[in-house]
Structure formats: structure tokens, C-alpha cells
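Raw contents of protein24.csv, CSV, C-alpha atoms:
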chain,number,residue,atom,x,y,z
A,83,GLY,CA,15.2,13.9,-9.1
A,84,ASP,CA,18.1,12.9,-6.9
A,85,ALA,CA,17.7,12.2,-3.2
A,86,ASP,CA,19.2,14.4,-0.5
A,87,ASP,CA,22.5,14.4,-2.5
A,88,GLY,CA,22.6,10.6,-2.2
A,89,SER,CA,26.2,10.9,-0.9
A,90,THR,CA,27.8,7.7,0.2
A,91,SER,CA,31.0,9.4,1.6
A,92,GLY,CA,29.9,8.8,5.2
A,93,GLN,CA,29.1,5.1,4.7
A,94,ASN,CA,31.1,2.4,6.3
A,95,PRO,CA,32.7,-0.3,4.1
A,96,GLU,CA,30.1,-2.8,5.2
A,97,SER,CA,27.3,-0.6,3.9
A,98,THR,CA,29.2,-0.1,0.6
A,99,ARG,CA,29.6,-3.9,0.3
A,100,ALA,CA,25.8,-4.3,1.0
A,101,ASN,CA,25.0,-1.8,-1.7
A,102,ARG,CA,27.2,-3.6,-4.2
A,103,ALA,CA,25.6,-6.9,-3.4
A,104,MET,CA,22.1,-5.4,-3.8
A,105,ILE,CA,22.9,-3.8,-7.2
A,106,ALA,CA,24.5,-7.1,-8.4
A,107,ALA,CA,21.3,-8.9,-7.5
A,108,LEU,CA,19.2,-6.3,-9.3
A,109,GLU,CA,21.3,-6.3,-12.4
A,110,ARG,CA,21.2,-10.1,-12.5
A,111,LEU,CA,17.4,-10.0,-12.3
A,112,GLU,CA,17.4,-7.5,-15.2
A,113,VAL,CA,19.5,-9.9,-17.3
A,114,LEU,CA,17.1,-12.7,-16.6
A,115,ALA,CA,14.1,-10.5,-17.4
A,116,GLN,CA,15.5,-9.7,-20.8
A,117,GLY,CA,15.6,-13.5,-21.5
A,118,GLY,CA,19.1,-13.3,-22.9
A,119,VAL,CA,20.5,-16.0,-20.6
A,120,GLU,CA,19.4,-19.4,-19.3
A,121,ASP,CA,17.7,-19.1,-15.9
A,122,ALA,CA,19.5,-21.5,-13.7
A,123,PRO,CA,17.1,-23.6,-11.6
A,124,GLY,CA,15.9,-21.5,-8.7
A,125,GLU,CA,18.2,-18.6,-9.5
A,126,ARG,CA,15.3,-16.1,-9.8
A,127,ILE,CA,14.0,-17.3,-6.4
A,128,ARG,CA,17.4,-16.9,-4.8
A,129,LEU,CA,17.7,-13.3,-6.2
A,130,LYS,CA,14.3,-12.4,-4.9
A,131,ASP,CA,15.2,-13.9,-1.5
A,132,ALA,CA,18.4,-11.9,-1.4
A,133,LEU,CA,16.5,-8.7,-2.1
A,134,ALA,CA,13.9,-9.6,0.6
A,135,ASP,CA,16.8,-10.0,3.0
A,136,ALA,CA,18.4,-6.7,2.0
A,137,THR,CA,15.2,-4.8,2.6
A,138,SER,CA,14.3,-6.5,5.9
A,139,LYS,CA,14.2,-4.7,9.3
A,140,ASP,CA,17.6,-6.2,10.2
A,141,SER,CA,19.4,-5.1,7.0
A,142,CYS,CA,17.5,-2.1,5.7
A,143,GLY,CA,19.8,0.4,7.4
A,144,GLU,CA,22.8,-0.7,5.4
A,145,HIS,CA,21.7,0.4,1.9
A,146,ASP,CA,21.3,3.5,-0.2
A,147,TRP,CA,17.8,3.1,-1.7
A,148,THR,CA,18.5,5.9,-4.3
A,149,LEU,CA,21.2,3.9,-6.1
A,150,LYS,CA,20.6,2.8,-9.7
A,151,THR,CA,21.7,-0.1,-11.8
A,152,ALA,CA,24.0,0.5,-14.8
A,153,SER,CA,20.9,0.8,-16.9
A,154,GLY,CA,19.3,3.4,-14.6
A,155,TRP,CA,16.7,1.4,-12.5
A,156,ASN,CA,16.4,1.6,-8.7
A,157,VAL,CA,15.5,-1.2,-6.3
A,158,PHE,CA,11.8,-0.1,-6.0
A,159,GLN,CA,11.4,-0.1,-9.7
A,160,ILE,CA,12.9,-3.5,-10.4
A,161,CYS,CA,11.2,-5.2,-7.5
A,162,ALA,CA,7.8,-3.8,-8.7
A,163,ARG,CA,8.4,-4.7,-12.3
A,164,GLU,CA,9.6,-8.2,-11.5
A,165,GLY,CA,7.0,-9.0,-8.9
A,166,CYS,CA,9.4,-9.4,-6.0
A,167,GLY,CA,6.6,-9.5,-3.4
A,168,ASP,CA,8.5,-10.0,-0.2
A,169,ALA,CA,11.0,-7.3,-1.1
A,170,LEU,CA,8.2,-4.9,-2.1
A,171,ASP,CA,6.5,-5.6,1.2
A,172,ASN,CA,9.7,-4.8,3.1
A,173,LEU,CA,10.5,-1.7,1.0
A,174,HIS,CA,7.0,-0.4,1.8
A,175,ALA,CA,7.2,-1.2,5.5
A,176,ASN,CA,10.9,-0.4,6.2
A,177,CYS,CA,12.4,1.9,3.5
A,178,VAL,CA,9.7,4.5,2.8
A,179,ARG,CA,9.5,7.2,5.5
A,180,ARG,CA,6.5,6.9,7.7
A,181,GLY,CA,4.0,9.6,8.9
A,182,VAL,CA,4.5,10.9,12.4
A,183,SER,CA,1.7,8.7,13.9
A,184,THR,CA,3.2,5.5,12.4
A,185,VAL,CA,6.6,6.5,13.6
A,186,ALA,CA,5.3,6.9,17.2
A,187,GLN,CA,3.6,3.5,17.0
A,188,VAL,CA,6.8,1.8,15.6
A,189,ASN,CA,9.0,3.6,18.2
A,190,ARG,CA,6.9,2.3,21.0
A,191,GLY,CA,8.1,-1.2,19.9
A,192,LYS,CA,11.7,-2.1,19.6
A,193,TRP,CA,12.4,-1.2,15.9
A,194,ARG,CA,13.3,2.4,14.8
A,195,GLN,CA,13.2,3.2,11.1
A,196,PRO,CA,16.7,4.0,9.8
A,197,GLU,CA,17.6,7.5,8.5
A,198,ASN,CA,18.1,6.2,5.0
A,199,ALA,CA,14.4,5.7,4.3
A,200,VAL,CA,13.2,7.6,1.2
A,201,THR,CA,10.2,9.9,1.2
A,202,MET,CA,7.0,8.9,-0.7
A,203,GLU,CA,7.4,12.2,-2.6
A,204,TRP,CA,10.8,11.1,-3.9
A,205,LEU,CA,9.4,7.7,-4.9
A,206,VAL,CA,6.5,9.0,-7.0
A,207,ASP,CA,8.9,11.5,-8.7
A,208,GLN,CA,11.0,8.6,-10.0
A,209,LYS,CA,10.7,7.6,-13.6
A,210,SER,CA,12.2,4.4,-15.0
A,211,PRO,CA,14.5,4.7,-18.1
A,212,ASP,CA,11.4,3.7,-20.2
A,213,GLY,CA,9.4,6.5,-18.8
A,214,ARG,CA,7.1,4.5,-16.4
A,215,ASN,CA,6.3,5.8,-12.9
A,216,MET,CA,6.2,3.6,-9.8
A,217,LEU,CA,2.4,2.9,-10.0
A,218,HIS,CA,2.9,1.8,-13.6
A,219,LEU,CA,5.6,-0.6,-12.6
A,220,VAL,CA,3.5,-2.1,-9.8
A,221,ALA,CA,0.9,-2.8,-12.4
A,222,ALA,CA,3.5,-4.3,-14.8
A,223,GLY,CA,4.6,-6.8,-12.1
A,224,TRP,CA,1.2,-7.5,-10.7
A,225,ASP,CA,0.6,-10.9,-12.3
A,226,LYS,CA,4.1,-12.1,-11.2
A,227,LEU,CA,3.2,-11.7,-7.6
A,228,GLU,CA,2.2,-14.6,-5.4
A,229,ASP,CA,-1.5,-14.2,-4.3
A,230,HIS,CA,-0.6,-13.7,-0.7
A,231,ASP,CA,1.7,-10.8,-1.6
A,232,GLN,CA,-1.0,-8.9,-3.5
A,233,PRO,CA,-2.8,-7.3,-0.5
A,234,GLU,CA,0.4,-5.8,0.9
A,235,VAL,CA,1.5,-4.6,-2.5
A,236,ALA,CA,-2.0,-3.1,-3.1
A,237,SER,CA,-1.6,-1.2,0.2
A,238,PHE,CA,1.8,0.1,-1.1
A,239,ALA,CA,0.0,1.1,-4.4
A,240,LYS,CA,-2.6,3.1,-2.5
A,241,GLY,CA,0.1,5.0,-0.6
A,242,ILE,CA,1.7,5.8,-4.0
A,243,ILE,CA,-1.6,6.9,-5.5
A,244,ASN,CA,-2.3,9.2,-2.5
A,245,ALA,CA,1.1,10.9,-3.1
A,246,MET,CA,0.7,11.4,-6.9
A,247,THR,CA,-0.4,14.6,-8.6
A,248,PRO,CA,-3.0,14.6,-11.4
A,249,LYS,CA,-0.2,15.4,-13.9
A,250,GLN,CA,1.8,12.3,-12.8
A,251,ILE,CA,-1.3,10.1,-13.1
A,252,ARG,CA,-1.9,11.4,-16.7
A,253,ARG,CA,1.6,11.2,-17.9
A,254,GLN,CA,2.2,8.9,-20.9
A,255,ALA,CA,5.2,6.6,-20.9
A,256,PRO,CA,6.5,6.6,-24.5
A,257,GLU,CA,5.9,2.8,-25.2
A,258,HIS,CA,3.6,2.0,-22.4
A,259,GLY,CA,0.8,4.6,-22.2
A,260,THR,CA,-0.5,5.8,-18.7
A,261,CYS,CA,-0.4,4.1,-15.3
A,262,VAL,CA,-4.2,4.3,-15.3
A,263,HIS,CA,-4.5,2.1,-18.4
A,264,ALA,CA,-1.7,-0.2,-17.1
A,265,CYS,CA,-3.5,-0.8,-13.8
A,266,ALA,CA,-6.8,-1.5,-15.7
A,267,GLU,CA,-5.1,-3.9,-18.1
A,268,ALA,CA,-3.2,-5.7,-15.3
A,269,GLY,CA,-6.5,-6.5,-13.5
A,270,THR,CA,-5.4,-4.7,-10.3
A,271,GLY,CA,-8.8,-4.8,-8.7
A,272,ALA,CA,-7.3,-4.7,-5.3
A,273,PHE,CA,-6.4,-1.0,-5.8
A,274,PHE,CA,-7.9,0.0,-9.2
A,275,ARG,CA,-11.1,1.3,-7.7
A,276,PHE,CA,-9.1,3.3,-5.2
A,277,LEU,CA,-7.2,4.8,-8.1
A,278,LEU,CA,-10.4,5.9,-9.8
A,279,GLU,CA,-11.8,7.3,-6.6
A,280,HIS,CA,-8.7,9.0,-5.1
A,281,GLY,CA,-6.3,9.5,-8.0
A,282,GLY,CA,-5.8,13.2,-8.7
A,283,GLY,CA,-8.3,14.7,-11.1
A,284,ASP,CA,-10.9,12.5,-12.9
A,285,CYS,CA,-9.1,9.3,-13.9
A,286,THR,CA,-12.0,8.3,-16.2
A,287,GLN,CA,-10.9,11.3,-18.4
A,288,VAL,CA,-7.3,10.1,-18.8
A,289,ARG,CA,-6.6,9.5,-22.4
A,290,CYS,CA,-4.6,6.6,-23.8
A,291,ALA,CA,-1.7,7.2,-26.1
A,292,PRO,CA,-3.0,7.0,-29.7
A,293,ASP,CA,-2.4,3.6,-31.3
A,294,PRO,CA,0.0,3.9,-34.2
A,295,GLU,CA,-2.0,1.2,-36.0
A,296,PRO,CA,-5.6,1.6,-34.9
A,297,ALA,CA,-7.9,-1.4,-35.5
A,298,HIS,CA,-10.7,0.8,-36.5
A,299,LYS,CA,-9.6,3.6,-38.8
A,300,PRO,CA,-12.0,6.6,-38.7

Let me see the file written as C-alpha cells.
Amino acid sequence: GDADDGSTSGQNPESTRANRAMIAALERLEVLAQGGVEDAPGERIRLKDALADATSKDSCGEHDWTLKTASGWNVFQICAREGCGDALDNLHANCVRRGVSTVAQVNRGKWRQPENAVTMEWLVDQKSPDGRNMLHLVAAGWDKLEDHDQPEVASFAKGIINAMTPKQIRRQAPEHGTCVHACAEAGTGAFFRFLLEHGGGDCTQVRCAPDPEPAHKP
């Protein structure tokens, strides 16, 4: 679903330039992920750093988080899939709307969350072009994360799990099965038990997509 109309008409030119730079970084990461081009030394690290800067407390007010790349992916999805730990930490802390109590705590300090933060409900509704939901993409990028980023990303994953419906948890992505199986396969121990205990419905009953070439034919 689209965000609250996602209109950019009221944005200042600086914000539009910031959005263009963010999308350019995401699209370059996509190209590198497809392996079609040579990865220049340190390029992937520079792109991840640029996305960490874009999502920081200083810059997060300048972007429209609902924008998509030409191939239909948003910043949350690519940062999760490609294991951009610092950017994911920032997206979770700065760009997803907080509950009232957290807002009160943050507002007692200096920083106030910008109006452009998305809701967790919007986030869990998003499906990538290949049919995967946000939790599935966190699992896909889990082994690309630095060890020190995993606890914060696990915390993000728990927030996502809490917002998901049983139907969202059971949904099959055409080529990738369910997010439950993806989380198990990726070894996401930091939040897999939480998914089994708190995921909507009984996660132990979630079926995997039938294998087109089963190893054991009945």
C-alpha cells in the first residue's frame, strides 16, 4: 500500500536532492548485489555509509522513506536484504514512528522525530517485488551483518513481528517460501524464538512451499 499519499509537492529542493542521492545509492547497491559489475574497492562500504548518513538523526527529516527504486524496492527492504547494519539501526530508531511513551522520552531530550517517519503498520504491509515481507528480508541479510549490528537489528525484527498478522507470517513468497522458514534457515537465533512465541498464530504449523523436486518422493 502507498503511504499517506507520498506526495513530494511540498518538499524543498534540498529534500528532493537528498531523495535522489538516496535512491542513487540504493540502485547502485542493487547493481552490485546482482553481480553484474565489478565492485570497486570499498564501494559497497561507501554506499552503506551514505545510507547510514541519510538515515541519521541529522538527515532523516530530509527524505521520503516511501520512495522506491526503479525496480520497486524501498530503502528498508534493500538495507535489510543487503545487511546495511548502521542504516537499519538508524531506520529503526529514527524513521519508524514511535509509540507515545517513547516519543515523550525522546522529546525530553533535544531530538524530535520528524513528521516523515513511517508507521510500523505501513512497513509490515510492504512486499518487495519478489514477494518477500520485511521480516523475510531481515533474515535474507542476516549473515551479511556485522556481529555488533545484530542485536539492534534483532530488536527491529521483534518490533516487526509484533506488528504482523498471522496471515502475513504465513504468506509464501513465490520463490522464497515463508518468513518463518527464512528466519530458521538464516540462523536468526537472536529473534527466532521470539517469532515462535509471539508470531501471530502457531508458527510451528506454518507450512513450507512444496519443493518442485522433492528429495524423497512419496

So that I can see what lies close to Arg214 in chain A, please list as number ranges by chain the residues with an atom at most 8 Å from it, counting only C-alpha atoms and leaving out residues fewer than 2 positions away in the same chain. A: 209-212, 216, 218-219, 254-255, 258, 261

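Among A:Ala272, A:Cys177, A:Leu217, A:Ala106, the residue with the shortest atom-to-atom distance to Thr260 in chain A, counting all atoms listed in the file, is A:Leu217.
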
Can you work out which one of A:Ala245, A:Leu278, A:Ala122, A:Leu114 has the shortest atom-to-atom distance to His263 in chain A, counting all atoms listed in the file?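 Ranking A:Ala245, A:Leu278, A:Ala122, A:Leu114 by distance to His263 in chain A, first place goes to A:Leu278.
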
Considering only C-alpha atoms, can you say which of A:Ile243, A:Ala132, A:Ile105, A:Val200 comes closest to Gly154 in chain A?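 Closest to Gly154 in chain A, using only C-alpha atoms: A:Ile105.
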
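What separates CA of Glu144 in chain A from CA of Val157 in chain A is a distance of 13.8 Å.
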
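In this comparison, which uses all atoms listed in the file, the residue of A:Gly213, A:Pro123, A:Gly241, A:Gly143 approaching Ala199 in chain A most closely is A:Gly143.
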
Which residues, written as a PDB file with C-alpha atoms, in the frame of the given file, have at least one atom at most 7 Å from range 164-169 of chain A, with all atoms listed in the file counted and residues fewer than 5 positions away on the same chain left out?
ATOM      1  CA  LYS A 130      14.300 -12.400  -4.900  1.00  0.00           C
ATOM      2  CA  LEU A 133      16.500  -8.700  -2.100  1.00  0.00           C
ATOM      3  CA  ALA A 134      13.900  -9.600   0.600  1.00  0.00           C
ATOM      4  CA  THR A 137      15.200  -4.800   2.600  1.00  0.00           C
ATOM      5  CA  GLY A 223       4.600  -6.800 -12.100  1.00  0.00           C
ATOM      6  CA  TRP A 224       1.200  -7.500 -10.700  1.00  0.00           C
ATOM      7  CA  LYS A 226       4.100 -12.100 -11.200  1.00  0.00           C
ATOM      8  CA  LEU A 227       3.200 -11.700  -7.600  1.00  0.00           C
ATOM      9  CA  ASP A 231       1.700 -10.800  -1.600  1.00  0.00           C
TER      10      ASP A 231
END

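Applying the 7 Å criterion to (12.8, -8.3, -11.0) in file coordinates and using all atoms listed in the file, one obtains the residues Leu108, Leu111, Glu112, Ala115, Ile160, Cys161, Arg163, Glu164, Gly165 and Cys166 of chain A.
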
Got time to write the residues from that selection, C-alpha atoms, as a short mmCIF file (atom, residue, chain, number, x, y, z; two decimals), in the frame of the given file?
data_model
loop_
_atom_site.label_atom_id
_atom_site.label_comp_id
_atom_site.auth_asym_id
_atom_site.auth_seq_id
_atom_site.Cartn_x
_atom_site.Cartn_y
_atom_site.Cartn_z
CA LEU A 108 19.20 -6.30 -9.30
CA LEU A 111 17.40 -10.00 -12.30
CA GLU A 112 17.40 -7.50 -15.20
CA ALA A 115 14.10 -10.50 -17.40
CA ILE A 160 12.90 -3.50 -10.40
CA CYS A 161 11.20 -5.20 -7.50
CA ARG A 163 8.40 -4.70 -12.30
CA GLU A 164 9.60 -8.20 -11.50
CA GLY A 165 7.00 -9.00 -8.90
CA CYS A 166 9.40 -9.40 -6.00
#

Residue nearest His230 in chain A - candidates A:Gln195, A:Leu149, A:Gln208, A:Asp171, atoms counted: all atoms listed in the file: A:Asp171

Nearest to Leu170 in chain A: which of A:Ala221, A:Leu129, A:Val235, A:Leu205 is it, counting all atoms listed in the file? A:Val235

Go ahead and compute the interatomic distance for CA of Cys285 in chain A and CA of Ala162 in chain A, in Å to one decimal. 22.0 Å

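Going from CA of Asp225 in chain A over to CA of Gly259 in chain A, you cover 18.4 Å.
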
Find the residues near Val262 in chain A: any atom within 7 Å, counting all atoms listed in the file, skip ones fewer than 3 places away on the same chain, and give them as a PyMOL selection string. chain A and resi 251+265-266

I need the chosen residues saved as a PDB file, keeping the file's coordinate frame, with C-alpha atoms.
ATOM      1  CA  ILE A 251      -1.300  10.100 -13.100  1.00  0.00           C
ATOM      2  CA  CYS A 265      -3.500  -0.800 -13.800  1.00  0.00           C
ATOM      3  CA  ALA A 266      -6.800  -1.500 -15.700  1.00  0.00           C
TER       4      ALA A 266
END
